[in-house]
>>> print(open('upload-v3.csv').read())   # CSV, C-alpha atoms
chain,number,residue,atom,x,y,z
Y,1,MET,CA,50.8,-52.2,70.9
Y,2,ARG,CA,51.8,-50.4,67.7
Y,3,LEU,CA,54.5,-50.8,65.1
Y,4,ASP,CA,55.1,-48.5,62.1
Y,5,ARG,CA,53.5,-50.3,59.1
Y,6,ARG,CA,56.3,-49.7,56.6
Y,7,ALA,CA,59.0,-50.8,59.1
Y,8,ALA,CA,57.0,-53.8,60.3
Y,9,LEU,CA,56.1,-55.1,56.8
Y,10,THR,CA,59.7,-54.5,55.6
Y,11,GLY,CA,61.0,-56.5,58.5
Y,12,LEU,CA,58.5,-59.3,58.0
Y,13,ALA,CA,59.4,-59.5,54.3
Y,14,LEU,CA,63.2,-59.4,54.8
Y,15,LEU,CA,63.5,-61.6,58.0
Y,16,PRO,CA,63.9,-64.9,56.2
Y,17,LEU,CA,66.2,-63.7,53.4
Y,18,ALA,CA,69.6,-65.1,53.8
Y,19,ALA,CA,73.1,-63.7,53.3
Y,20,ALA,CA,74.8,-65.1,50.2
Y,21,ALA,CA,77.1,-67.8,51.6
Y,22,ARG,CA,77.9,-71.4,50.9
Y,23,ALA,CA,76.6,-74.0,53.4
Y,24,ASP,CA,79.2,-75.8,55.5
Y,25,ALA,CA,78.7,-79.5,56.0
Y,26,PRO,CA,76.4,-80.1,58.9
Y,27,THR,CA,77.7,-81.8,62.1
Y,28,GLU,CA,75.0,-84.5,61.7
Y,29,GLY,CA,74.0,-86.1,58.4
Y,30,ARG,CA,74.7,-84.4,55.1
Y,31,LEU,CA,73.3,-81.7,52.8
Y,32,VAL,CA,72.5,-82.0,49.1
Y,33,GLU,CA,72.0,-78.8,47.2
Y,34,HIS,CA,69.5,-78.5,44.3
Y,35,PRO,CA,70.1,-74.9,43.1
Y,36,GLN,CA,67.5,-72.9,41.2
Y,37,MET,CA,65.0,-75.7,40.8
Y,38,ALA,CA,62.7,-74.8,37.9
Y,39,SER,CA,58.9,-74.8,38.1
Y,40,ALA,CA,55.9,-74.3,35.8
Y,41,HIS,CA,54.1,-72.6,38.6
Y,42,VAL,CA,56.5,-70.3,40.5
Y,43,GLN,CA,59.9,-68.7,40.2
Y,44,PRO,CA,63.0,-71.0,40.4
Y,45,ARG,CA,64.4,-71.4,43.9
Y,46,ASP,CA,67.1,-73.3,45.8
Y,47,VAL,CA,66.1,-76.5,47.5
Y,48,THR,CA,68.4,-78.1,50.1
Y,49,VAL,CA,67.9,-81.7,51.2
Y,50,TRP,CA,69.2,-82.9,54.5
Y,51,LEU,CA,69.9,-86.7,54.7
Y,52,PRO,CA,70.0,-88.1,58.2
Y,53,PRO,CA,72.9,-90.0,59.8
Y,54,GLY,CA,72.9,-93.6,58.5
Y,55,TYR,CA,71.1,-92.8,55.3
Y,56,ASP,CA,74.1,-93.7,53.0
Y,57,GLY,CA,74.8,-97.0,54.8
Y,58,SER,CA,71.3,-98.5,54.7
Y,59,GLU,CA,68.4,-99.3,52.4
Y,60,ALA,CA,65.9,-97.8,54.8
Y,61,ARG,CA,63.1,-95.5,53.6
Y,62,TYR,CA,62.3,-92.3,55.5
Y,63,PRO,CA,59.4,-89.9,56.1
Y,64,VAL,CA,59.9,-86.4,54.7
Y,65,LEU,CA,59.6,-83.1,56.4
Y,66,TYR,CA,59.1,-80.2,54.0
Y,67,MET,CA,60.1,-76.8,55.5
Y,68,HIS,CA,59.8,-73.3,54.1
Y,69,ASP,CA,62.4,-70.5,54.2
Y,70,GLY,CA,65.0,-73.1,53.6
Y,71,GLN,CA,67.9,-70.7,53.8
Y,72,ASN,CA,67.4,-70.5,57.6
Y,73,LEU,CA,67.3,-74.2,58.6
Y,74,PHE,CA,70.8,-75.7,58.6
Y,75,ASP,CA,73.6,-73.2,58.4
Y,76,GLY,CA,74.0,-69.9,60.3
Y,77,SER,CA,76.4,-68.5,57.8
Y,78,ARG,CA,73.7,-68.1,55.2
Y,79,ALA,CA,70.7,-67.6,57.5
Y,80,ALA,CA,69.0,-64.2,58.2
Y,81,TYR,CA,71.1,-62.3,60.8
Y,82,GLY,CA,73.3,-65.4,61.2
Y,83,LYS,CA,70.8,-67.4,63.2
Y,84,GLU,CA,69.5,-70.8,62.1
Y,85,TRP,CA,66.9,-73.2,63.2
Y,86,GLY,CA,69.5,-76.0,63.8
Y,87,VAL,CA,67.1,-78.5,62.2
Y,88,ASP,CA,69.9,-81.0,61.5
Y,89,GLU,CA,71.1,-81.0,65.2
Y,90,HIS,CA,67.6,-81.3,66.6
Y,91,VAL,CA,66.4,-84.1,64.3
Y,92,ALA,CA,69.6,-86.1,64.8
Y,93,ARG,CA,69.5,-85.9,68.6
Y,94,LEU,CA,65.7,-86.7,68.8
Y,95,SER,CA,66.2,-89.5,66.4
Y,96,ALA,CA,69.1,-91.0,68.3
Y,97,ASN,CA,67.1,-90.8,71.5
Y,98,GLY,CA,64.1,-92.6,69.9
Y,99,GLN,CA,61.8,-89.6,70.3
Y,100,ILE,CA,60.8,-89.1,66.7
Y,101,ARG,CA,60.7,-91.0,63.4
Y,102,THR,CA,63.8,-90.0,61.5
Y,103,PRO,CA,62.9,-87.8,58.5
Y,104,ILE,CA,64.6,-86.5,55.4
Y,105,VAL,CA,64.3,-82.7,55.6
Y,106,VAL,CA,63.6,-80.7,52.5
Y,107,GLY,CA,64.4,-77.0,52.9
Y,108,ILE,CA,62.5,-74.9,50.2
Y,109,GLY,CA,64.3,-71.6,49.6
Y,110,ASN,CA,62.2,-68.4,49.5
Y,111,THR,CA,62.2,-65.7,46.8
Y,112,PRO,CA,61.5,-62.0,46.7
Y,113,LEU,CA,57.9,-63.0,46.2
Y,114,ARG,CA,57.7,-64.7,49.5
Y,115,LEU,CA,54.8,-62.7,51.0
Y,116,ARG,CA,52.6,-63.4,47.9
Y,117,GLU,CA,53.6,-67.1,47.8
Y,118,TYR,CA,53.0,-67.7,51.5
Y,119,ILE,CA,49.7,-65.8,52.0
Y,120,PRO,CA,46.7,-68.3,51.6
Y,121,ALA,CA,44.7,-67.3,48.6
Y,122,ASP,CA,41.5,-68.6,50.2
Y,123,LEU,CA,42.0,-66.0,53.0
Y,124,ILE,CA,42.4,-63.2,50.5
Y,125,ARG,CA,39.3,-64.3,48.7
Y,126,ALA,CA,37.3,-64.4,52.0
Y,127,LEU,CA,38.2,-60.8,53.0
Y,128,PRO,CA,35.8,-57.9,52.4
Y,129,GLY,CA,36.7,-56.0,49.3
Y,130,ASP,CA,38.3,-53.0,50.9
Y,131,MET,CA,40.5,-55.2,53.1
Y,132,ARG,CA,41.4,-57.4,50.1
Y,133,ALA,CA,42.5,-54.4,48.1
Y,134,ASP,CA,44.5,-53.0,51.0
Y,135,ILE,CA,46.4,-56.3,51.6
Y,136,GLN,CA,47.1,-56.9,47.9
Y,137,SER,CA,48.5,-53.3,47.6
Y,138,ILE,CA,50.8,-53.9,50.6
Y,139,TYR,CA,51.9,-57.3,49.4
Y,140,GLY,CA,52.5,-56.2,45.8
Y,141,GLY,CA,49.7,-58.1,44.0
Y,142,GLU,CA,47.5,-61.1,44.1
Y,143,PRO,CA,48.4,-64.2,46.1
Y,144,LEU,CA,50.7,-66.8,44.5
Y,145,SER,CA,50.2,-69.5,47.2
Y,146,ASP,CA,48.1,-71.9,45.1
Y,147,GLY,CA,50.9,-72.0,42.5
Y,148,TYR,CA,53.5,-72.4,45.2
Y,149,LEU,CA,51.6,-75.4,46.6
Y,150,ARG,CA,51.3,-76.9,43.1
Y,151,PHE,CA,55.1,-76.6,42.9
Y,152,MET,CA,55.4,-78.5,46.1
Y,153,VAL,CA,52.8,-81.2,45.3
Y,154,GLU,CA,53.2,-81.7,41.6
Y,155,GLU,CA,56.9,-81.0,41.0
Y,156,LEU,CA,59.0,-81.0,44.2
Y,157,LYS,CA,57.5,-84.0,46.0
Y,158,PRO,CA,57.7,-86.3,43.0
Y,159,PHE,CA,61.3,-85.2,42.4
Y,160,ILE,CA,62.2,-85.9,46.1
Y,161,ASP,CA,60.4,-89.3,46.0
Y,162,ARG,CA,62.3,-90.3,42.8
Y,163,THR,CA,65.6,-89.1,44.0
Y,164,TYR,CA,65.7,-90.3,47.6
Y,165,ARG,CA,64.5,-93.3,49.6
Y,166,THR,CA,61.3,-91.8,50.9
Y,167,ARG,CA,58.1,-93.1,52.4
Y,168,THR,CA,55.5,-91.5,50.1
Y,169,ARG,CA,52.3,-91.8,52.0
Y,170,ARG,CA,50.3,-89.0,53.6
Y,171,ASP,CA,51.2,-90.2,57.1
Y,172,ASP,CA,54.9,-89.9,56.2
Y,173,THR,CA,54.7,-86.4,54.7
Y,174,VAL,CA,54.9,-83.4,57.0
Y,175,VAL,CA,55.1,-79.6,56.3
Y,176,MET,CA,56.3,-76.9,58.6
Y,177,GLY,CA,57.3,-73.2,58.7
Y,178,SER,CA,57.3,-70.1,60.8
Y,179,SER,CA,55.6,-66.7,60.5
Y,180,MET,CA,54.2,-66.5,57.0
Y,181,GLY,CA,55.6,-70.0,56.6
Y,182,GLY,CA,53.2,-71.1,59.3
Y,183,LEU,CA,50.3,-69.8,57.2
Y,184,ILE,CA,51.4,-71.6,54.1
Y,185,SER,CA,51.9,-74.8,56.1
Y,186,LEU,CA,48.4,-74.7,57.4
Y,187,TYR,CA,47.2,-73.9,53.8
Y,188,ALA,CA,49.0,-76.9,52.5
Y,189,LEU,CA,47.3,-79.2,54.9
Y,190,MET,CA,43.9,-77.7,54.1
Y,191,LYS,CA,44.3,-77.7,50.3
Y,192,HIS,CA,46.1,-81.0,49.9
Y,193,PRO,CA,45.0,-83.2,52.8
Y,194,GLY,CA,45.7,-86.3,50.7
Y,195,VAL,CA,49.4,-85.4,50.4
Y,196,PHE,CA,50.2,-83.9,53.8
Y,197,GLY,CA,49.4,-85.7,57.0
Y,198,ALA,CA,50.7,-83.1,59.5
Y,199,ALA,CA,51.5,-79.4,59.6
Y,200,GLY,CA,53.6,-77.4,62.0
Y,201,CYS,CA,52.8,-73.7,62.2
Y,202,VAL,CA,55.3,-71.8,64.3
Y,203,SER,CA,54.7,-68.1,65.3
Y,204,THR,CA,51.9,-68.0,62.7
Y,205,HIS,CA,51.5,-64.5,61.3
Y,206,TRP,CA,47.7,-64.3,61.5
Y,207,PRO,CA,47.5,-60.4,61.4
Y,208,ILE,CA,49.0,-60.5,57.8
Y,209,ARG,CA,49.7,-56.8,58.3
Y,210,ILE,CA,50.9,-54.7,61.2
Y,211,ASP,CA,49.4,-51.2,61.0
Y,212,GLN,CA,49.5,-48.0,62.9
Y,213,ILE,CA,45.8,-47.4,63.6
Y,214,SER,CA,45.4,-44.7,66.2
Y,215,ASP,CA,41.7,-45.1,66.8
Y,216,GLU,CA,41.1,-48.1,69.2
Y,217,ALA,CA,37.6,-48.7,67.9
Y,218,ALA,CA,38.8,-48.8,64.2
Y,219,LEU,CA,41.6,-51.1,65.2
Y,220,ALA,CA,39.2,-53.5,67.0
Y,221,ALA,CA,36.8,-53.5,64.1
Y,222,TRP,CA,39.5,-54.2,61.5
Y,223,ARG,CA,40.9,-57.0,63.7
Y,224,GLU,CA,37.4,-58.6,64.2
Y,225,ARG,CA,36.8,-58.6,60.5
Y,226,LEU,CA,40.1,-60.3,59.9
Y,227,VAL,CA,39.6,-62.9,62.7
Y,228,SER,CA,36.1,-63.7,61.3
Y,229,ALA,CA,37.5,-64.2,57.8
Y,230,TRP,CA,40.3,-66.5,59.2
Y,231,THR,CA,37.8,-68.5,61.2
Y,232,ARG,CA,35.6,-69.1,58.1
Y,233,VAL,CA,38.6,-70.2,56.0
Y,234,VAL,CA,39.9,-72.5,58.7
Y,235,LEU,CA,36.5,-74.0,59.4
Y,236,ASP,CA,35.9,-74.7,55.7
Y,237,GLY,CA,39.3,-76.1,55.0
Y,238,LEU,CA,40.1,-78.3,58.0
Y,239,PRO,CA,40.8,-81.9,57.0
Y,240,ASP,CA,39.6,-85.0,58.9
Y,241,ALA,CA,41.2,-85.0,62.4
Y,242,ARG,CA,41.4,-88.7,62.4
Y,243,ASP,CA,44.0,-88.7,59.6
Y,244,HIS,CA,46.0,-85.5,60.4
Y,245,ARG,CA,48.0,-83.7,63.0
Y,246,LEU,CA,48.1,-79.9,63.4
Y,247,TYR,CA,50.6,-77.9,65.6
Y,248,PHE,CA,50.6,-74.2,66.5
Y,249,ASP,CA,52.7,-72.2,68.8
Y,250,ARG,CA,53.6,-68.6,69.6
Y,251,GLY,CA,55.7,-66.4,71.8
Y,252,ASP,CA,54.5,-63.2,73.4
Y,253,GLU,CA,57.3,-60.7,72.4
Y,254,THR,CA,58.0,-58.7,69.3
Y,255,LEU,CA,55.7,-59.7,66.4
Y,256,ASP,CA,54.4,-62.6,68.4
Y,257,ALA,CA,52.8,-60.2,70.8
Y,258,PHE,CA,50.1,-59.5,68.1
Y,259,TYR,CA,49.0,-63.1,67.8
Y,260,ALA,CA,47.1,-64.0,71.0
Y,261,VAL,CA,43.6,-62.8,70.0
Y,262,PHE,CA,43.9,-64.5,66.6
Y,263,GLN,CA,45.4,-67.8,67.9
Y,264,SER,CA,42.8,-68.2,70.7
Y,265,ARG,CA,39.9,-67.9,68.2
Y,266,ILE,CA,41.5,-70.3,65.7
Y,267,ASP,CA,42.3,-72.8,68.5
Y,268,GLN,CA,38.7,-72.8,69.7
Y,269,THR,CA,37.4,-73.2,66.2
Y,270,ILE,CA,39.6,-76.3,65.6
Y,271,ARG,CA,38.7,-77.8,69.0
Y,272,ASP,CA,35.0,-77.3,68.3
Y,273,GLU,CA,35.5,-79.4,65.2
Y,274,GLY,CA,36.6,-82.4,67.3
Y,275,TRP,CA,40.4,-82.1,67.2
Y,276,GLY,CA,41.6,-83.6,70.5
Y,277,PRO,CA,45.0,-83.3,72.1
Y,278,ASP,CA,46.4,-86.3,70.3
Y,279,ARG,CA,45.8,-84.6,67.0
Y,280,PHE,CA,45.9,-80.9,67.8
Y,281,ARG,CA,48.3,-78.9,69.9
Y,282,SER,CA,48.7,-75.1,70.4
Y,283,LEU,CA,51.4,-73.9,72.8
Y,284,VAL,CA,52.5,-70.5,74.2
Y,285,PHE,CA,56.2,-69.8,75.1
Y,286,PRO,CA,56.4,-66.8,77.4
Y,287,GLY,CA,59.2,-64.5,76.6
Y,288,ALA,CA,59.8,-66.0,73.1
Y,289,GLU,CA,60.4,-63.5,70.3
Y,290,HIS,CA,59.7,-63.7,66.5
Y,291,ASN,CA,63.1,-65.0,65.3
Y,292,GLU,CA,65.1,-68.1,64.4
Y,293,ALA,CA,66.9,-68.2,67.7
Y,294,SER,CA,63.5,-68.6,69.5
Y,295,TRP,CA,62.3,-71.2,67.0
Y,296,ASN,CA,65.6,-73.1,67.5
Y,297,GLN,CA,65.0,-73.2,71.2
Y,298,ARG,CA,61.6,-74.8,71.0
Y,299,LEU,CA,61.9,-76.9,67.9
Y,300,ASP,CA,61.7,-80.2,69.9
Y,301,ALA,CA,58.0,-79.4,70.6
Y,302,PRO,CA,56.7,-79.5,67.0
Y,303,LEU,CA,59.1,-82.3,65.9
Y,304,THR,CA,58.0,-84.7,68.6
Y,305,PHE,CA,54.3,-84.0,68.0
Y,306,LEU,CA,54.4,-84.1,64.2
Y,307,LEU,CA,56.8,-87.1,63.9
Y,308,PRO,CA,56.0,-89.3,66.9
Y,309,ALA,CA,58.2,-92.3,67.4
>>> encode(input="upload-v3.csv", output="structure tokens")
Amino acid sequence: MRLDRRAALTGLALLPLAAAARADAPTEGRLVEHPQMASAHVQPRDVTVWLPPGYDGSEARYPVLYMHDGQNLFDGSRAAYGKEWGVDEHVARLSANGQIRTPIVVGIGNTPLRLREYIPADLIRALPGDMRADIQSIYGGEPLSDGYLRFMVEELKPFIDRTYRTRTRRDDTVVMGSSMGGLISLYALMKHPGVFGAAGCVSTHWPIRIDQISDEAALAAWRERLVSAWTRVVLDGLPDARDHRLYFDRGDETLDAFYAVFQSRIDQTIRDEGWGPDRFRSLVFPGAEHNEASWNQRLDAPLTFLLPA
């Protein structure tokens, strides 16, 4: 399967960018906007906090779910292509049914530097020199993911913990995202295992580039070099399975059709390190595409695994 590189990368970069519109009040819980939150490590960005039903009428403390591409989580009127994850509806329903621990959800808005902020710097460092130069040329420069994680860990999380009634421990702190957001969620768990106890990686964009390579042998060789680099990075970075949870999934249509060969190798690497089914899950959703509508449809799966009741 081939896609034109320019069209595919442009689509990947623009997919999570939202239309400029004000969020309506959610049907469950309420939203609090923190526009253009400043940082010493990355560009300012909007942060949206969803407080679950019952928050205002109690003194309870809540675990926190941090999610990337925050524009797409709660309100279709400002999400890419008018489609949202429906996080508020899913979390409220699962919570009411006793299927998950009720979290506060923090949606971290993306910026025009999304690709560079979400690509794991350790992966770029692990690539052969020619591949590293190629990827950085396509992405527009060196990775900014280490700075993005510093923003999350050193600035955003302390602010959230000061401002809201949170449970602050590792076991109560979860990170999740899709596509490139899946990569940065995995990277957060690997780089800050003392902060994040679980990561959800939905439609993880392992190929990092979709290219038109006409020669099958050249395509296979390029893919194998990338898979090998990913395997080393994951193997070196995995935290202790006894203290963490890790969730992956993918569809098999549109961009997700490129993921099987990568995901199967990563899955085997993780299982070989002793991650059993109570701590690691990797699912396939036949017919699912690479978009918010698909992620909305299967959001119960990561939520119930990452925030078990």
>>> closest_residue(input="upload-v3.csv", among="Y:Ser178, Y:Asn110, Y:Ser39, Y:Ser294", to="Glu154 of chain Y", atoms="all atoms listed in the file")
Y:Ser39
>>> residues_around(input="upload-v3.csv", residues="segment 236-239 of chain Y", least_positions_apart="6", cutoff="9 Å", atoms="all atoms listed in the file", output="VMD selection string")
chain Y and resid 187 189 to 193 270 273
>>> write_last_selection(input="upload-v3.csv", atoms="C-alpha atoms", output="compact mmCIF listing (two decimals), keeping the file's coordinate frame")
# COMPACT_ATOMS: atom_id res chain seq x y z
CA TYR Y 187 47.20 -73.90 53.80
CA LEU Y 189 47.30 -79.20 54.90
CA MET Y 190 43.90 -77.70 54.10
CA LYS Y 191 44.30 -77.70 50.30
CA HIS Y 192 46.10 -81.00 49.90
CA PRO Y 193 45.00 -83.20 52.80
CA ILE Y 270 39.60 -76.30 65.60
CA GLU Y 273 35.50 -79.40 65.20
>>> atom_distance(input="upload-v3.csv", atom1="atom CA of Gln297 of chain Y", atom2="atom CA of Val49 of chain Y")
21.9 Å
>>> residues_around(input="upload-v3.csv", residues="Gly181 of chain Y", least_positions_apart="5", cutoff="10 Å", atoms="only C-alpha atoms", output="MDAnalysis selection string")
chainID Y and resid 16 67:69 110 114:115 117:119 175:176 186:187 200:205
>>> atom_distance(input="upload-v3.csv", atom1="atom CA of Leu255 of chain Y", atom2="atom CA of Leu183 of chain Y")
14.7 Å
>>> residues_around(input="upload-v3.csv", residues="Lys157 of chain Y", least_positions_apart="6", cutoff="10 Å", atoms="only C-alpha atoms", output="ChimeraX atom specification")
/Y:64,66,106,150-151,163,166,168,173,195
>>> residues_around(input="upload-v3.csv", residues="Ala301 of chain Y", least_positions_apart="3", cutoff="12 Å", atoms="only C-alpha atoms", output="list in words")
His90, Val91, Leu94, Gln99, Ile100, Gly200, Cys201, Val202, Tyr247, Phe248, Asp249, Arg250, Arg281, Ser282, Leu283, Val284, Phe285, Trp295, Asn296, Gln297, Arg298, Thr304, Phe305, Leu306, Leu307 and Pro308 of chain Y
>>> closest_residue(input="upload-v3.csv", among="Y:Asp130, Y:Asp46, Y:Glu28, Y:Glu33", to="Arg225 of chain Y", atoms="only C-alpha atoms")
Y:Asp130
>>> closest_residue(input="upload-v3.csv", among="Y:Leu156, Y:Gln43, Y:Ala218, Y:Leu127", to="Trp230 of chain Y", atoms="all atoms listed in the file")
Y:Leu127
>>> residues_near_point(input="upload-v3.csv", point="(40.6, -73.7, 69.4)", cutoff="12 Å", atoms="all atoms listed in the file", output="CSV table (one decimal) with C-alpha atoms, in the frame of the given file")
chain,number,residue,atom,x,y,z
Y,231,THR,CA,37.8,-68.5,61.2
Y,234,VAL,CA,39.9,-72.5,58.7
Y,235,LEU,CA,36.5,-74.0,59.4
Y,246,LEU,CA,48.1,-79.9,63.4
Y,247,TYR,CA,50.6,-77.9,65.6
Y,248,PHE,CA,50.6,-74.2,66.5
Y,260,ALA,CA,47.1,-64.0,71.0
Y,261,VAL,CA,43.6,-62.8,70.0
Y,262,PHE,CA,43.9,-64.5,66.6
Y,263,GLN,CA,45.4,-67.8,67.9
Y,264,SER,CA,42.8,-68.2,70.7
Y,265,ARG,CA,39.9,-67.9,68.2
Y,266,ILE,CA,41.5,-70.3,65.7
Y,267,ASP,CA,42.3,-72.8,68.5
Y,268,GLN,CA,38.7,-72.8,69.7
Y,269,THR,CA,37.4,-73.2,66.2
Y,270,ILE,CA,39.6,-76.3,65.6
Y,271,ARG,CA,38.7,-77.8,69.0
Y,272,ASP,CA,35.0,-77.3,68.3
Y,273,GLU,CA,35.5,-79.4,65.2
Y,274,GLY,CA,36.6,-82.4,67.3
Y,275,TRP,CA,40.4,-82.1,67.2
Y,276,GLY,CA,41.6,-83.6,70.5
Y,277,PRO,CA,45.0,-83.3,72.1
Y,280,PHE,CA,45.9,-80.9,67.8
Y,281,ARG,CA,48.3,-78.9,69.9
Y,282,SER,CA,48.7,-75.1,70.4
Y,283,LEU,CA,51.4,-73.9,72.8
>>> residues_near_point(input="upload-v3.csv", point="(65.0, -72.0, 63.7)", cutoff="8 Å", atoms="all atoms listed in the file", output="list in words")
Asn72, Leu73, Lys83, Glu84, Trp85, Gly86, Val87, Asn291, Glu292, Ala293, Ser294, Trp295, Asn296, Gln297 and Leu299 of chain Y
>>> atom_distance(input="upload-v3.csv", atom1="atom CA of Asp243 of chain Y", atom2="atom CA of Pro120 of chain Y")
22.1 Å
>>> closest_residue(input="upload-v3.csv", among="Y:Pro35, Y:Pro302, Y:Gly129, Y:Gly147", to="Gly107 of chain Y", atoms="all atoms listed in the file")
Y:Pro35
>>> residues_around(input="upload-v3.csv", residues="Tyr164 of chain Y", least_positions_apart="2", cutoff="12 Å", atoms="only C-alpha atoms", output="list in words")
Val32, Val49, Trp50, Leu51, Pro52, Tyr55, Asp56, Glu59, Ala60, Arg61, Tyr62, Pro63, Val64, Pro103, Ile104, Val105, Val106, Leu156, Lys157, Pro158, Phe159, Ile160, Asp161, Arg162, Thr166, Arg167 and Thr168 of chain Y
>>> decode(input="upload-v3.csv", residues="segment 268-282 of chain Y", atoms="N, CA, C and O atoms", output="PDB file, in the first residue's frame")
ATOM      1  N   GLN Y 268       5.575  -8.123  20.737  1.00  0.00           N
ATOM      2  CA  GLN Y 268       6.378  -9.273  21.134  1.00  0.00           C
ATOM      3  C   GLN Y 268       7.530  -8.858  22.042  1.00  0.00           C
ATOM      4  O   GLN Y 268       7.858  -9.550  23.018  1.00  0.00           O
ATOM      5  N   THR Y 269       8.134  -7.722  21.738  1.00  0.00           N
ATOM      6  CA  THR Y 269       9.218  -7.207  22.581  1.00  0.00           C
ATOM      7  C   THR Y 269       8.731  -6.971  24.010  1.00  0.00           C
ATOM      8  O   THR Y 269       9.398  -7.334  24.983  1.00  0.00           O
ATOM      9  N   ILE Y 270       7.554  -6.378  24.136  1.00  0.00           N
ATOM     10  CA  ILE Y 270       7.014  -6.070  25.464  1.00  0.00           C
ATOM     11  C   ILE Y 270       6.643  -7.344  26.209  1.00  0.00           C
ATOM     12  O   ILE Y 270       6.938  -7.499  27.400  1.00  0.00           O
ATOM     13  N   ARG Y 271       6.002  -8.278  25.526  1.00  0.00           N
ATOM     14  CA  ARG Y 271       5.637  -9.539  26.183  1.00  0.00           C
ATOM     15  C   ARG Y 271       6.871 -10.321  26.604  1.00  0.00           C
ATOM     16  O   ARG Y 271       6.880 -10.962  27.662  1.00  0.00           O
ATOM     17  N   ASP Y 272       7.926 -10.282  25.797  1.00  0.00           N
ATOM     18  CA  ASP Y 272       9.161 -10.975  26.148  1.00  0.00           C
ATOM     19  C   ASP Y 272       9.797 -10.397  27.409  1.00  0.00           C
ATOM     20  O   ASP Y 272      10.585 -11.085  28.081  1.00  0.00           O
ATOM     21  N   GLU Y 273       9.457  -9.155  27.734  1.00  0.00           N
ATOM     22  CA  GLU Y 273       9.974  -8.519  28.948  1.00  0.00           C
ATOM     23  C   GLU Y 273       9.115  -8.812  30.174  1.00  0.00           C
ATOM     24  O   GLU Y 273       9.329  -8.226  31.239  1.00  0.00           O
ATOM     25  N   GLY Y 274       8.131  -9.697  30.018  1.00  0.00           N
ATOM     26  CA  GLY Y 274       7.357 -10.142  31.165  1.00  0.00           C
ATOM     27  C   GLY Y 274       6.071  -9.387  31.429  1.00  0.00           C
ATOM     28  O   GLY Y 274       5.476  -9.533  32.505  1.00  0.00           O
ATOM     29  N   TRP Y 275       5.612  -8.606  30.469  1.00  0.00           N
ATOM     30  CA  TRP Y 275       4.352  -7.891  30.633  1.00  0.00           C
ATOM     31  C   TRP Y 275       3.197  -8.832  30.308  1.00  0.00           C
ATOM     32  O   TRP Y 275       2.984  -9.211  29.152  1.00  0.00           O
ATOM     33  N   GLY Y 276       2.446  -9.214  31.341  1.00  0.00           N
ATOM     34  CA  GLY Y 276       1.325 -10.125  31.163  1.00  0.00           C
ATOM     35  C   GLY Y 276       0.046  -9.375  30.820  1.00  0.00           C
ATOM     36  O   GLY Y 276       0.007  -8.144  30.772  1.00  0.00           O
ATOM     37  N   PRO Y 277      -1.041 -10.106  30.577  1.00  0.00           N
ATOM     38  CA  PRO Y 277      -2.305  -9.492  30.140  1.00  0.00           C
ATOM     39  C   PRO Y 277      -2.946  -8.570  31.156  1.00  0.00           C
ATOM     40  O   PRO Y 277      -3.790  -7.750  30.801  1.00  0.00           O
ATOM     41  N   ASP Y 278      -2.562  -8.685  32.431  1.00  0.00           N
ATOM     42  CA  ASP Y 278      -3.105  -7.767  33.418  1.00  0.00           C
ATOM     43  C   ASP Y 278      -2.427  -6.404  33.372  1.00  0.00           C
ATOM     44  O   ASP Y 278      -2.948  -5.419  33.921  1.00  0.00           O
ATOM     45  N   ARG Y 279      -1.275  -6.340  32.690  1.00  0.00           N
ATOM     46  CA  ARG Y 279      -0.512  -5.097  32.622  1.00  0.00           C
ATOM     47  C   ARG Y 279      -0.334  -4.576  31.198  1.00  0.00           C
ATOM     48  O   ARG Y 279      -0.002  -3.398  31.014  1.00  0.00           O
ATOM     49  N   PHE Y 280      -0.523  -5.430  30.219  1.00  0.00           N
ATOM     50  CA  PHE Y 280      -0.294  -5.036  28.824  1.00  0.00           C
ATOM     51  C   PHE Y 280      -1.429  -5.553  27.954  1.00  0.00           C
ATOM     52  O   PHE Y 280      -1.833  -6.709  28.062  1.00  0.00           O
ATOM     53  N   ARG Y 281      -1.921  -4.678  27.084  1.00  0.00           N
ATOM     54  CA  ARG Y 281      -2.982  -5.074  26.159  1.00  0.00           C
ATOM     55  C   ARG Y 281      -2.741  -4.412  24.806  1.00  0.00           C
ATOM     56  O   ARG Y 281      -2.415  -3.224  24.739  1.00  0.00           O
ATOM     57  N   SER Y 282      -2.895  -5.187  23.727  1.00  0.00           N
ATOM     58  CA  SER Y 282      -2.765  -4.664  22.375  1.00  0.00           C
ATOM     59  C   SER Y 282      -3.893  -5.254  21.541  1.00  0.00           C
ATOM     60  O   SER Y 282      -3.957  -6.469  21.348  1.00  0.00           O
TER      61      SER Y 282
END
